[in-house]
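S.K.: So here's work.cif (mmCIF, C-alpha atoms).
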```cif
data_work
#
loop_
_atom_site.label_atom_id
_atom_site.label_comp_id
_atom_site.auth_asym_id
_atom_site.auth_seq_id
_atom_site.Cartn_x
_atom_site.Cartn_y
_atom_site.Cartn_z
CA LYS A 1 50.74 122.86 38.17
CA VAL A 2 53.48 123.56 40.72
CA LYS A 3 53.88 126.83 42.66
CA VAL A 4 57.40 127.65 43.86
CA HIS A 5 58.51 130.53 46.12
CA VAL A 6 62.25 131.31 46.14
CA HIS A 7 64.49 133.95 47.76
CA THR A 8 67.68 134.53 45.79
CA ARG A 9 70.20 137.16 44.78
CA THR A 10 70.55 135.52 41.35
CA PRO A 11 67.01 135.05 39.96
CA GLU A 12 68.33 134.37 36.46
CA LYS A 13 69.96 131.15 37.67
CA VAL A 14 66.75 129.98 39.35
CA LEU A 15 64.72 130.69 36.21
CA ALA A 16 67.20 128.87 34.00
CA MET A 17 67.18 125.81 36.24
CA ALA A 18 63.35 125.74 36.47
CA HIS A 19 62.91 126.26 32.73
CA ALA A 20 64.85 123.08 32.07
CA HIS A 21 61.96 121.14 33.67
CA GLY A 22 59.01 122.73 31.86
CA GLU A 23 57.15 125.88 30.86
CA PHE A 24 56.18 128.80 33.12
CA LEU A 25 52.48 129.56 33.60
CA SER A 26 53.21 132.84 35.39
CA LEU A 27 56.15 134.67 36.96
CA LYS A 28 56.45 137.30 39.68
CA LEU A 29 59.80 138.93 40.51
CA GLU A 30 60.22 141.52 43.27
CA ASN A 31 63.28 143.39 44.48
CA MET A 32 62.83 143.12 48.24
CA SER A 33 65.68 145.53 49.00
CA VAL A 34 63.91 148.31 47.12
CA GLN A 35 60.53 147.31 48.48
CA HIS A 36 61.78 147.28 52.08
CA THR A 37 63.11 150.84 51.92
CA ALA A 38 59.85 152.05 50.35
CA GLN A 39 57.66 150.94 53.29
CA THR A 40 55.59 153.45 55.22
CA LYS A 41 54.52 153.07 58.85
CA GLN A 42 50.99 153.80 60.03
CA ALA A 43 49.92 153.38 63.66
CA GLY A 44 51.91 150.23 64.32
CA ALA A 45 51.27 148.72 60.89
CA VAL A 46 54.00 148.47 58.28
CA VAL A 47 52.30 148.89 54.93
CA ASN A 48 53.75 147.13 51.92
CA SER A 49 54.25 149.82 49.27
CA GLN A 50 53.16 147.36 46.58
CA SER A 51 49.78 146.79 48.21
CA LYS A 52 47.13 145.16 46.03
CA ALA A 53 44.50 147.79 46.92
CA ASN A 54 42.84 147.23 43.55
CA GLY A 55 43.24 143.43 43.62
CA PRO A 56 40.60 140.83 44.50
CA PHE A 57 41.64 140.56 48.14
CA ALA A 58 44.24 141.75 50.65
CA VAL A 59 46.22 139.93 53.35
CA VAL A 60 46.92 141.32 56.84
CA VAL A 61 49.35 139.53 59.17
CA VAL A 62 50.79 140.08 62.64
CA SER A 63 54.55 139.80 63.10
CA HIS A 64 56.82 140.17 66.12
CA SER A 65 60.17 140.58 64.40
CA PRO A 66 61.56 142.54 61.43
CA SER A 67 62.78 139.30 59.85
CA MET A 68 59.31 137.74 59.79
CA SER A 69 57.73 141.03 58.69
CA GLU A 70 60.01 141.12 55.66
CA LEU A 71 59.43 137.44 54.93
CA PHE A 72 55.64 137.75 55.11
CA GLU A 73 55.75 140.78 52.81
CA SER A 74 57.83 138.84 50.30
CA MET A 75 55.26 136.04 50.43
CA GLY A 76 52.41 138.38 49.52
CA ALA A 77 51.15 140.07 52.71
CA ASP A 78 49.79 143.55 51.97
CA VAL A 79 49.82 144.90 55.52
CA VAL A 80 52.01 143.73 58.40
CA ILE A 81 51.19 144.75 61.96
CA SER A 82 54.81 144.82 63.03
CA LEU A 83 55.39 144.67 66.79
CA THR A 84 58.16 143.75 69.21
CA ASP A 85 58.24 140.32 70.84
CA THR A 86 56.70 141.76 74.04
CA GLN A 87 53.86 143.69 72.37
CA THR A 88 50.37 142.49 71.54
CA PRO A 89 48.21 144.07 68.83
CA SER A 90 45.24 146.16 69.91
CA ALA A 91 41.88 146.25 68.18
CA GLN A 92 42.88 149.67 66.83
CA HIS A 93 46.01 148.17 65.26
CA PHE A 94 43.80 145.78 63.32
CA VAL A 95 41.29 148.47 62.33
CA ASP A 96 44.13 150.68 61.05
CA ALA A 97 45.51 147.70 59.12
CA PHE A 98 42.10 147.05 57.52
CA ASP A 99 41.97 150.69 56.43
CA ALA A 100 45.50 150.48 55.05
CA ALA A 101 44.63 147.35 53.05
CA GLY A 102 42.12 149.37 51.02
CA CYS A 103 40.18 146.32 49.85
CA ASP A 104 36.66 144.94 50.24
CA HIS A 105 37.90 141.40 50.86
CA ILE A 106 40.53 140.97 53.58
CA VAL A 107 41.99 137.82 55.13
CA VAL A 108 43.71 138.25 58.51
CA PHE A 109 46.39 136.09 60.17
CA PRO A 110 46.64 137.03 63.91
CA ASN A 111 49.22 134.24 64.56
CA ASN A 112 48.42 133.93 68.26
CA PRO A 113 45.38 132.46 70.07
CA ASN A 114 44.87 135.61 72.15
CA ASP A 115 45.22 137.88 69.15
CA VAL A 116 42.53 135.95 67.26
CA LEU A 117 39.97 137.27 69.77
CA THR A 118 41.27 140.83 69.41
CA ALA A 119 41.10 140.59 65.62
CA ARG A 120 37.48 139.44 65.78
CA GLN A 121 36.65 142.38 68.03
CA ALA A 122 38.33 144.71 65.54
CA CYS A 123 36.36 143.14 62.71
CA ALA A 124 33.11 144.00 64.51
CA LEU A 125 34.33 147.57 65.13
CA TYR A 126 35.40 147.98 61.50
CA GLY A 127 32.03 146.95 60.12
CA GLN A 128 33.03 147.21 56.47
CA GLY A 129 33.62 144.78 53.62
CA ASN A 130 34.24 141.07 54.02
CA VAL A 131 36.95 140.53 56.63
CA VAL A 132 37.82 136.92 57.48
CA ILE A 133 39.83 136.22 60.64
CA VAL A 134 41.87 133.05 60.17
CA ASP A 135 42.38 130.92 63.29
CA SER A 136 46.18 131.05 62.89
CA ARG A 137 47.78 130.15 66.20
CA SER A 138 51.42 130.77 65.24
CA ILE A 139 53.68 132.08 62.49
CA ALA A 140 53.94 128.48 61.28
CA ASP A 141 50.25 128.50 60.26
CA CYS A 142 50.67 131.81 58.45
CA TYR A 143 53.86 130.71 56.68
CA ALA A 144 52.30 127.50 55.36
CA ALA A 145 49.12 129.24 54.19
CA LEU A 146 50.88 132.16 52.46
CA ALA A 147 53.10 129.72 50.58
CA LEU A 148 50.05 128.10 48.96
CA ILE A 149 47.78 131.11 48.31
CA ASP A 150 47.05 131.83 44.65
CA PHE A 151 47.14 135.63 44.70
CA ASP A 152 45.76 135.77 41.15
CA CYS A 153 42.56 133.95 42.12
CA SER A 154 39.46 136.16 42.22
CA ASP A 155 37.31 133.62 44.11
CA PHE A 156 37.68 134.85 47.70
CA ASP A 157 35.64 131.99 49.19
CA ARG A 158 37.94 129.51 47.46
CA ILE A 159 41.00 131.31 48.86
CA VAL A 160 39.62 131.24 52.41
CA SER A 161 38.61 127.57 52.12
CA GLY A 162 42.12 126.67 50.93
CA ILE A 163 43.70 128.53 53.85
CA HIS A 164 41.52 126.70 56.39
CA LYS A 165 42.41 123.33 54.84
CA VAL A 166 46.15 124.09 55.04
CA ILE A 167 45.99 125.13 58.70
CA GLU A 168 43.84 122.14 59.67
CA HIS A 169 46.60 119.78 58.54
CA ILE A 170 49.48 121.48 60.38
CA ASP A 171 50.77 120.08 63.66
CA THR A 172 52.75 122.71 65.55
CA VAL A 173 54.86 122.23 68.67
CA ARG A 174 56.51 125.17 70.44
CA LEU A 175 59.73 124.69 72.41
CA THR A 176 60.39 127.33 75.01
CA THR A 177 62.45 127.92 78.16
CA ALA A 178 60.85 127.87 81.63
CA ALA A 179 61.26 131.29 83.25
CA ARG A 180 60.76 129.98 86.80
CA ASP A 181 60.15 126.86 88.87
CA ALA A 182 56.57 125.66 88.49
CA VAL A 183 54.17 122.73 88.47
CA TYR A 184 52.25 122.35 85.20
CA ASP A 185 49.96 119.49 84.18
CA GLY A 186 51.27 117.60 87.22
CA ALA A 187 54.90 117.93 86.07
CA ASN A 188 57.62 119.59 88.13
CA ILE A 189 59.41 122.23 86.05
CA ARG A 190 62.68 123.88 87.00
CA LYS A 191 63.77 127.31 85.83
CA GLY A 192 65.82 126.89 82.65
CA ASP A 193 64.14 123.62 81.60
CA PHE A 194 63.00 123.38 77.99
CA LEU A 195 59.30 122.68 77.47
CA ALA A 196 57.53 121.24 74.44
CA LEU A 197 53.97 122.56 74.11
CA ARG A 198 51.23 121.73 71.62
CA GLY A 199 48.88 124.61 72.30
CA SER A 200 48.52 124.55 76.09
CA GLN A 201 49.31 120.82 76.34
CA LEU A 202 52.68 119.98 77.84
CA LEU A 203 54.25 117.18 75.79
CA ALA A 204 57.72 116.83 77.31
CA ILE A 205 60.46 118.46 79.41
CA ASP A 206 64.22 118.26 78.97
CA THR A 207 67.35 120.11 80.02
CA SER A 208 68.60 119.99 76.41
CA LEU A 209 66.79 121.83 73.60
CA GLU A 210 68.28 119.54 70.95
CA GLN A 211 67.32 116.34 72.76
CA LEU A 212 63.81 117.65 73.38
CA ALA A 213 63.35 118.63 69.73
CA CYS A 214 64.59 115.23 68.52
CA ARG A 215 62.25 113.53 70.96
CA VAL A 216 59.25 115.54 69.75
CA ILE A 217 60.10 114.90 66.10
CA SER A 218 60.41 111.16 66.76
CA ASP A 219 57.11 111.02 68.64
CA VAL A 220 55.18 112.96 65.99
CA MET A 221 56.66 110.96 63.11
CA ALA A 222 55.91 107.68 64.90
CA GLN A 223 52.22 108.61 65.08
CA GLU A 224 51.99 109.76 61.44
CA GLU A 225 54.84 110.27 59.00
CA LYS A 226 54.84 113.83 57.68
CA ASP A 227 55.99 115.18 54.32
CA THR A 228 57.59 118.37 55.62
CA ILE A 229 59.13 119.57 58.88
CA THR A 230 59.84 123.29 59.18
CA LEU A 231 62.02 124.68 61.97
CA PHE A 232 61.32 128.25 63.05
CA GLY A 233 64.43 129.22 64.99
CA GLY A 234 64.32 132.11 67.43
CA ASP A 235 67.03 134.67 68.05
CA GLY A 236 68.70 132.74 70.86
CA ILE A 237 68.99 129.27 69.35
CA PRO A 238 72.64 128.36 68.57
CA GLN A 239 73.56 127.57 64.97
CA HIS A 240 75.05 124.23 66.00
CA SER A 241 71.68 123.20 67.46
CA ILE A 242 69.94 124.05 64.20
CA ASP A 243 72.53 122.15 62.17
CA SER A 244 72.22 119.14 64.48
CA LEU A 245 68.42 119.04 64.12
CA LEU A 246 68.52 119.36 60.34
CA ASP A 247 71.10 116.55 60.20
CA PHE A 248 68.89 114.40 62.44
CA ILE A 249 65.86 114.86 60.15
CA SER A 250 67.80 114.21 56.94
CA ARG A 251 69.44 111.12 58.43
CA ASP A 252 66.45 109.49 60.15
CA TYR A 253 63.65 110.63 57.83
CA ILE A 254 65.11 110.56 54.34
CA TYR A 255 61.75 111.03 52.60
CA THR A 256 60.77 114.06 54.69
CA GLU A 257 61.64 117.56 53.51
CA SER A 258 63.13 119.88 56.12
CA ASN A 259 63.06 123.67 56.03
CA LEU A 260 64.54 126.37 58.23
CA VAL A 261 63.16 129.85 58.96
CA LEU A 262 65.17 132.16 61.22
CA THR A 263 62.54 134.31 62.91
CA GLY A 264 64.73 136.88 64.67
CA ASP A 265 62.24 136.64 67.56
CA ALA A 266 63.86 136.83 70.98
CA GLY A 267 60.66 135.56 72.65
CA THR A 268 60.66 132.11 71.03
CA ASP A 269 63.33 129.39 71.13
CA LEU A 270 62.00 126.99 68.47
CA ILE A 271 58.77 126.10 66.70
CA LEU A 272 58.42 122.76 64.93
CA SER A 273 55.82 122.64 62.19
CA PHE A 274 54.74 119.29 60.69
CA GLU A 275 52.81 119.06 57.42
#
```
Please express what this file holds, its structure, as structure tokens.

M.R.:
Amino acid sequence: KVKVHVHTRTPEKVLAMAHAHGEFLSLKLENMSVQHTAQTKQAGAVVNSQSKANGPFAVVVVSHSPSMSELFESMGADVVISLTDTQTPSAQHFVDAFDAAGCDHIVVFPNNPNDVLTARQACALYGQGNVVIVDSRSIADCYAALALIDFDCSDFDRIVSGIHKVIEHIDTVRLTTAARDAVYDGANIRKGDFLALRGSQLLAIDTSLEQLACRVISDVMAQEEKDTITLFGGDGIPQHSIDSLLDFISRDYIYTESNLVLTGDAGTDLILSFE
């Protein structure tokens, strides 16, 4: 059994190509253009108009860009707490999202270490149903988990267990730009330097984003070869840098799949996700 998620303007071509390799167990087609215009906004939460209020469970996610909000909706999220890159969700945002989900079983992806704590506080305030707060530290965790969720499964415990297993096996490194001169973990950092961070751990510093990314990829792959590397490119990363990194992966790691997600987030340069 293989589950495939595809975005395309010509679904008939995708179906024809897939059918040549076997039979379909189930199909789900959605017109995201129509769905996007049918959204309603409630207290900071963008509610998917095709919410599974009567389904076995609902998914709530936090997003900091319209691009990721739309992507998460297309991947099955029922409620997106859609904020700007400088906003953080409040407990009330989460409570409103739980109400909007309209389901007894809810799984929540905060996608930030600080927001995990807020979501847990909101869960206590909500006091209804079975709400599970996933320890998702970034959009990379959420993206990987949503891609593998079986939305037709009625066993909520099995769904939650599968999500935890996916996130446990993801190695995420965030590349960001230093906003000022500083000393961090004993390293001297100059304003404008690019930093590679695994959580709060500083891995490396470089004046070139491309060189730093290649260095991180090489170091991670030297420790344990991964099957998939996904690049989450922020709003400010140049296209030539993205192309260069994808070429580097395909050339040096021919058995590793590479994916690209353009986040539209001005607050993040690049996230590297290894699975």

S.K.: Please evaluate the PyMOL selection byres ((chain A and resi 259-262) around 7) against the structure above and give the resulting residues as a ChimeraX atom specification.

M.R.: /A:229-234,257-258,263-264

S.K.: Nearest to Ile167 in chain A among A:Ile189, A:Ala140, A:Val220, A:Cys153, with distances taken over only C-alpha atoms: which residue is it?

M.R.: A:Ala140

S.K.: Quick one: everything within 12 Å of Ala122 in chain A, counting all atoms listed in the file, minus sequence neighbours fewer than 6 positions away in the same chain. Send it as a PyMOL selection string.

M.R.: chain A and resi 89-99+108+110+115-116+128+131-133

S.K.: Grab the CA of Ala196 in chain A to CA of Ala119 in chain A distance for me, in Å with one decimal place.

M.R.: 26.9 Å

S.K.: What gap, in Å, lies between CA of Ala179 in chain A and CA of Asp141 in chain A?

M.R.: 25.6 Å

S.K.: If the PyMOL selection byres ((chain A and resi 144) around 9) were run on this exact file, what residues would it hold? Put them as a PyMOL selection string.

M.R.: chain A and resi 139-143+145-148+163+166-167+170+275

S.K.: Looking at all atoms listed in the file, which of A:Phe194, A:Phe151, A:Phe57, A:Phe274 is the one that sits closest to Glu168 in chain A?

M.R.: A:Phe274

S.K.: Could you work out how far CA of Asp252 in chain A lies from CA of Thr228 in chain A, giving the answer in Å with one decimal?

M.R.: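 Atom-to-atom, CA of Thr228 in chain A to CA of Asp252 in chain A, that is 13.3 Å.
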